[in-house]
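**Q** Take a look at this one; I'll ask things after.
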Amino acid sequence: MPCARSSDKQSLIFYPLSIRKNVNPVSWSLIPISVGVPTLTKFKLHFQKFMFNRVSWNGGILQLRQDLECIPPNRVCSVPLRLFLEMCCSEITMARLNRSNVFSHFSHSGVDDMADNTCHFGINNMFADNGLEDGYDTKLYFPCDPLQAAKVVQRTFPLIGTSTSNDGSKSTFTNKGLRFVFTTRSKTPILLKEDGETPVYGDGYSFVPGKDEIIRECGSDGHGYIVSFGDAVYRCLDAVECLKKEGIHVGLINKPTLNVVDHDMMERIVAQSAGSAGICLVVEPLGKKTGVGSKFGSWLMETEHAQKGGALPRFGHIGTHREGGGGLWEQAYHQGYDSVSVQTKIKEMLGKK
């Protein structure tokens with residue numbers, strides 16, 4: 001039974017972004033040129049300045065840095081390539097200190113389909129969260145398929161919006177702070193539920209910032225969880241389904257908000273994965289030195305379960321750790337976060353190889 005289906009859409013990428021001319025800046029339309037994400041129209045925003053398609057090469061990045069440093073209280077900006085993020089770290093800090101509201105999209109995150117090798121790798125995404133714990137809010141989002149990408153943007157883009165819960169009740173939310181949405185260069189398939197037909201992020205799904213999401217349950221007889229995000233999720237989902245056929249039951253968790261600890265999910269991971277037979281494997285397209293996996297072990301040790309002396313699962317981490325080897329789709333295999341490599345790592349952690 002299939003766990004994902006291919007899409008002829010531009011997948012997670014929704015750039016270049018265009019803004020319609022001659023519109024009221026309080027009510028305007030953000031139009032993705034590609035068809036992967038639905039058109040987002042007439043958000044009632046109060047941004048004072050707009051910047052789209054301004055950052056392309058060195059001249060553009062200098063303009064972005066100047067704009068961020070002098071950013072007004074309410075502002076939106078968009079950046080084409082993730083590789084420029086490192087150049088903006090000090091300006092991101094100034095925007096945070098100015099308590100500016102920034103929505104920024106970086107495409108070409110990770111390494112998948114990256115023809116220009118290491119110089120274009122987008123692997124230090126966590127650098128954007130470079131403030132203090134009590135600083136102005138900063139959140140980093142990395143959706144895993146086209147449907148979730150649309151939901152993430154719809155929920156995190158407006159400064160003020162209304163959401164509808166599963167029971168039909170409505171609530172108002174705000175998105176103040178710095179919000180970064182990361183997407184891949186490559187196409188990604190639409191994830192499916194266990195019936196092999198229903199999209200995981202189809203009708204009825206509402207994105208909640210800061211919450212991790214279970215794609216596949218571990219089960220009472222399971223061996224633990226894989227935690228992933230971005231384009232690594234569909235590869236891990238294939239690995240989970242293949243391992244299941246061999247009698248190895250592992251759950252899969254999608255972590256679309258990279259820099260926020262979901263304490264409830266962390267307690268669930270350690271409760272179901274603790275002991276000599278339990279494992280927790282973080283699989284990501286970001287850098288092994290600076291990615292989510294570099295922090296996740298500490299988060300496990302800070303759980304209430306661990307603080308009370310409870311056993312923790314064996315921890316593993318797969319991330320980008322090698323210079324680019326050429327090619328496009330080959331990059332993920334070169335870094336070892338393809339389905340077969342994930343299956344091999346799980347078996348090694350369980351002592352089954």
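By convention in this document, the chains of the structure tokens carry letters A, B, ... by their order, each chain's residues are numbered from 1, and ligands are numbered from 1 in the order they are shown.
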Quick one: residues within 7 Å of Ile215 (chain A), only C-alpha atoms, excluding same-chain residues fewer than 2 positions away - as a list in words?
**A**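 The neighbour list is Glu213, Glu217, Leu252, Ile253 and Asn254 of chain A.
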**Q** Env of region 336-346 of chain A: 7 Å cut, atoms = only C-alpha atoms, seq-sep filter 4 positions within chain, self excluded. Answer as JSON, numbers by chain.
**A** {"A": [232, 235, 236, 238, 239, 243, 283, 318, 319, 332, 350]}
**Q** Please report as a tab-separated table every residue of region 218-277 of chain A lying within 12 Å of region 293-298 of chain A, along with the nearest atom pair and their distance in Å (one decimal), using only C-alpha atoms.
**A**
```
residue	atom	partner	partner_atom	distance
A:Ile226	CA	A:Gly293	CA	11.3
A:Val227	CA	A:Gly293	CA	9.1
A:Ser228	CA	A:Gly293	CA	9.3
A:Phe229	CA	A:Gly293	CA	11.1
A:Lys255	CA	A:Phe296	CA	11.3
A:Leu258	CA	A:Gly293	CA	10.1
A:Asn259	CA	A:Lys295	CA	9.2
A:Val260	CA	A:Phe296	CA	10.7
A:Val261	CA	A:Phe296	CA	8.9
A:Asp262	CA	A:Phe296	CA	11.2
A:His263	CA	A:Phe296	CA	11.8
A:Met266	CA	A:Phe296	CA	9.5
A:Ile269	CA	A:Phe296	CA	11.5
A:Val270	CA	A:Gly297	CA	11.2
```
**Q** Export, as a CSV table (one decimal), in the first residue's frame, the selected residues with C-alpha atoms.
**A**
```
chain,number,residue,atom,x,y,z
A,226,ILE,CA,12.1,8.4,14.1
A,227,VAL,CA,11.8,12.3,14.3
A,228,SER,CA,12.1,14.1,11.0
A,229,PHE,CA,11.0,17.1,8.9
A,255,LYS,CA,8.6,18.2,13.6
A,258,LEU,CA,12.2,23.2,14.3
A,259,ASN,CA,13.2,25.4,17.2
A,260,VAL,CA,10.4,24.8,19.7
A,261,VAL,CA,10.3,21.8,22.1
A,262,ASP,CA,7.0,20.1,22.2
A,263,HIS,CA,7.1,18.8,25.8
A,266,MET,CA,9.0,14.5,24.1
A,269,ILE,CA,8.9,9.6,23.0
A,270,VAL,CA,10.8,8.7,26.2
```
**Q** Extract, using only C-alpha atoms, all DNA, RNA and protein residues at most 9 Å from Glu86 (chain A), discarding same-chain residues fewer than 5 positions from it, and format them as JSON, numbers by chain.
**A** {"A": [124, 125, 127, 128]}
**Q** I need the chosen residues saved as a compact mmCIF listing (two decimals), in the first residue's frame, with C-alpha atoms.
**A**
```txt
# COMPACT_ATOMS: atom_id res chain seq x y z
CA ASN A 124 22.41 26.08 8.99
CA ASN A 125 18.75 27.06 9.29
CA PHE A 127 21.19 30.17 12.85
CA ALA A 128 18.02 32.25 12.40
```
**Q** Which residues are near Ser163 (chain A)? Cut-off 9 Å, only C-alpha atoms, ignore same chain within fewer than 2 positions. Put them as an MDAnalysis selection string.
**A** chainID A and resid 155 161 165 169:173 206
**Q** Using all heavy atoms, can you export the residues from the last selection as a CSV table (one decimal), in the first residue's frame?
**A**
```csv
chain,number,residue,atom,x,y,z
A,155,ARG,N,-1.4,29.7,8.2
A,155,ARG,CA,-1.5,29.9,9.7
A,155,ARG,C,-0.5,30.9,10.2
A,155,ARG,O,-0.7,31.6,11.1
A,155,ARG,CB,-1.3,28.5,10.4
A,155,ARG,CG,-1.2,28.6,11.9
A,155,ARG,CD,-2.4,29.2,12.5
A,155,ARG,NE,-2.3,29.3,14.0
A,155,ARG,CZ,-1.6,30.1,14.6
A,155,ARG,NH1,-1.0,31.1,14.0
A,155,ARG,NH2,-1.6,30.1,16.0
A,161,GLY,N,-5.2,36.5,12.7
A,161,GLY,CA,-6.1,35.6,11.9
A,161,GLY,C,-7.1,34.9,12.8
A,161,GLY,O,-7.1,35.0,14.0
A,165,SER,N,-11.2,25.0,14.8
A,165,SER,CA,-10.8,23.8,15.4
A,165,SER,C,-11.6,22.6,14.8
A,165,SER,O,-12.6,22.9,14.1
A,165,SER,CB,-11.0,23.8,16.9
A,165,SER,OG,-12.3,24.0,17.3
A,169,SER,N,-15.4,25.3,16.4
A,169,SER,CA,-15.3,26.5,17.1
A,169,SER,C,-14.1,27.4,16.5
A,169,SER,O,-13.1,26.8,16.0
A,169,SER,CB,-15.0,26.3,18.6
A,169,SER,OG,-13.8,25.6,18.8
A,170,LYS,N,-14.3,28.7,16.6
A,170,LYS,CA,-13.3,29.6,16.0
A,170,LYS,C,-12.5,30.3,17.1
A,170,LYS,O,-13.1,30.7,18.1
A,170,LYS,CB,-13.9,30.6,15.0
A,170,LYS,CG,-14.5,29.9,13.8
A,170,LYS,CD,-15.1,31.0,12.8
A,170,LYS,CE,-15.6,30.3,11.5
A,170,LYS,NZ,-16.1,31.3,10.6
A,171,SER,N,-11.3,30.6,16.8
A,171,SER,CA,-10.5,31.4,17.8
A,171,SER,C,-9.5,32.3,17.0
A,171,SER,O,-9.2,32.1,15.8
A,171,SER,CB,-9.7,30.4,18.7
A,171,SER,OG,-8.8,29.6,17.9
A,172,THR,N,-9.2,33.4,17.6
A,172,THR,CA,-8.3,34.4,17.0
A,172,THR,C,-6.8,34.1,17.4
A,172,THR,O,-6.6,33.8,18.6
A,172,THR,CB,-8.7,35.8,17.4
A,172,THR,OG1,-10.0,36.0,17.0
A,172,THR,CG2,-7.8,36.8,16.8
A,173,PHE,N,-5.9,34.3,16.5
A,173,PHE,CA,-4.5,34.1,16.8
A,173,PHE,C,-3.7,35.2,16.3
A,173,PHE,O,-4.1,36.0,15.4
A,173,PHE,CB,-4.0,32.7,16.2
A,173,PHE,CG,-4.1,32.7,14.7
A,173,PHE,CD1,-3.1,33.3,13.9
A,173,PHE,CD2,-5.1,32.0,14.1
A,173,PHE,CE1,-3.1,33.2,12.6
A,173,PHE,CE2,-5.2,32.0,12.7
A,173,PHE,CZ,-4.2,32.6,11.9
A,206,SER,N,-5.3,21.0,10.6
A,206,SER,CA,-5.0,22.4,11.0
A,206,SER,C,-3.6,22.4,11.6
A,206,SER,O,-3.3,21.7,12.5
A,206,SER,CB,-6.0,22.9,12.0
A,206,SER,OG,-7.3,23.0,11.4
```
**Q** Leaving out Met349 (chain A) and any residue of its chain fewer than 3 positions from it, which residues lie within 12 Å of it when counting only C-alpha atoms, given as a list of chain:residue names?
**A**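 Counting only C-alpha atoms, the residues come to A:His223, A:Gly224, A:Tyr225, A:Ile226, A:Ile248, A:Val250, A:Ser276, A:Ala277, A:Gly278, A:Ile279, A:Cys280, A:Leu281, A:Pro313, A:Arg314, A:Phe315, A:Gly316, A:His317, A:Val342, A:Gln343, A:Thr344, A:Lys345, A:Ile346, A:Lys352, A:Lys353.
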**Q** Pick the closest to Glu304 (chain A) from A:Ala271, A:Val208, A:His334, A:Leu328: which is it, counting only C-alpha atoms?
**A**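 Looking only at the distances to Glu304 (chain A), the closest residue turns out to be A:Ala271.
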**Q** Rounded to one decimal in Å, what is the spacing between CA of Cys242 (chain A) and CA of Lys347 (chain A)?
**A**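 Here the two named atoms are 11.9 Å from each other.
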**Q** Rank A:Asn117, A:Asn98, A:Arg179, A:Gly110 by their smallest atom-to-atom distance to Asp137 (chain A), using only C-alpha atoms, and report the top residue only.
**A**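 Closest to Asp137 (chain A) of all the choices is A:Arg179.
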**Q** Mind checking which residues fall within 8 Å of Tyr136 (chain A), counting only C-alpha atoms, ignoring those fewer than 4 positions away in the same chain, and posting them as a ChimeraX atom specification?
**A** /A:96-97,99,131,177-178
**Q** Looking at A:Cys144, A:Ile92, A:Leu300, A:Leu83, which one is nearest to Asp264 (chain A), with distances taken over only C-alpha atoms?
**A**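 Checking each candidate against Asp264 (chain A), we get A:Leu300 as the closest.
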**Q** Identify, with DSSP run on backbone atoms, the residues in region 130-279 of chain A assigned to strand (DSSP E or B), and express the list as a PyMOL selection string.
**A** chain A and resi 138-141+160-164+170-174+178-182+190-192+199+213-216+224-228+251-254+257+279
**Q** Just the number, please: distance in Å from CA of Thr188 (chain A) to CA of Ser104 (chain A), one decimal.
**A** 21.1 Å
**Q** Hey, which of A:Asp116, A:Glu197, A:Asp129, A:Glu330 ends up closest to Gly291 (chain A)? Count only C-alpha atoms.
**A**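 Checking each candidate against Gly291 (chain A), we get A:Asp129 as the closest.
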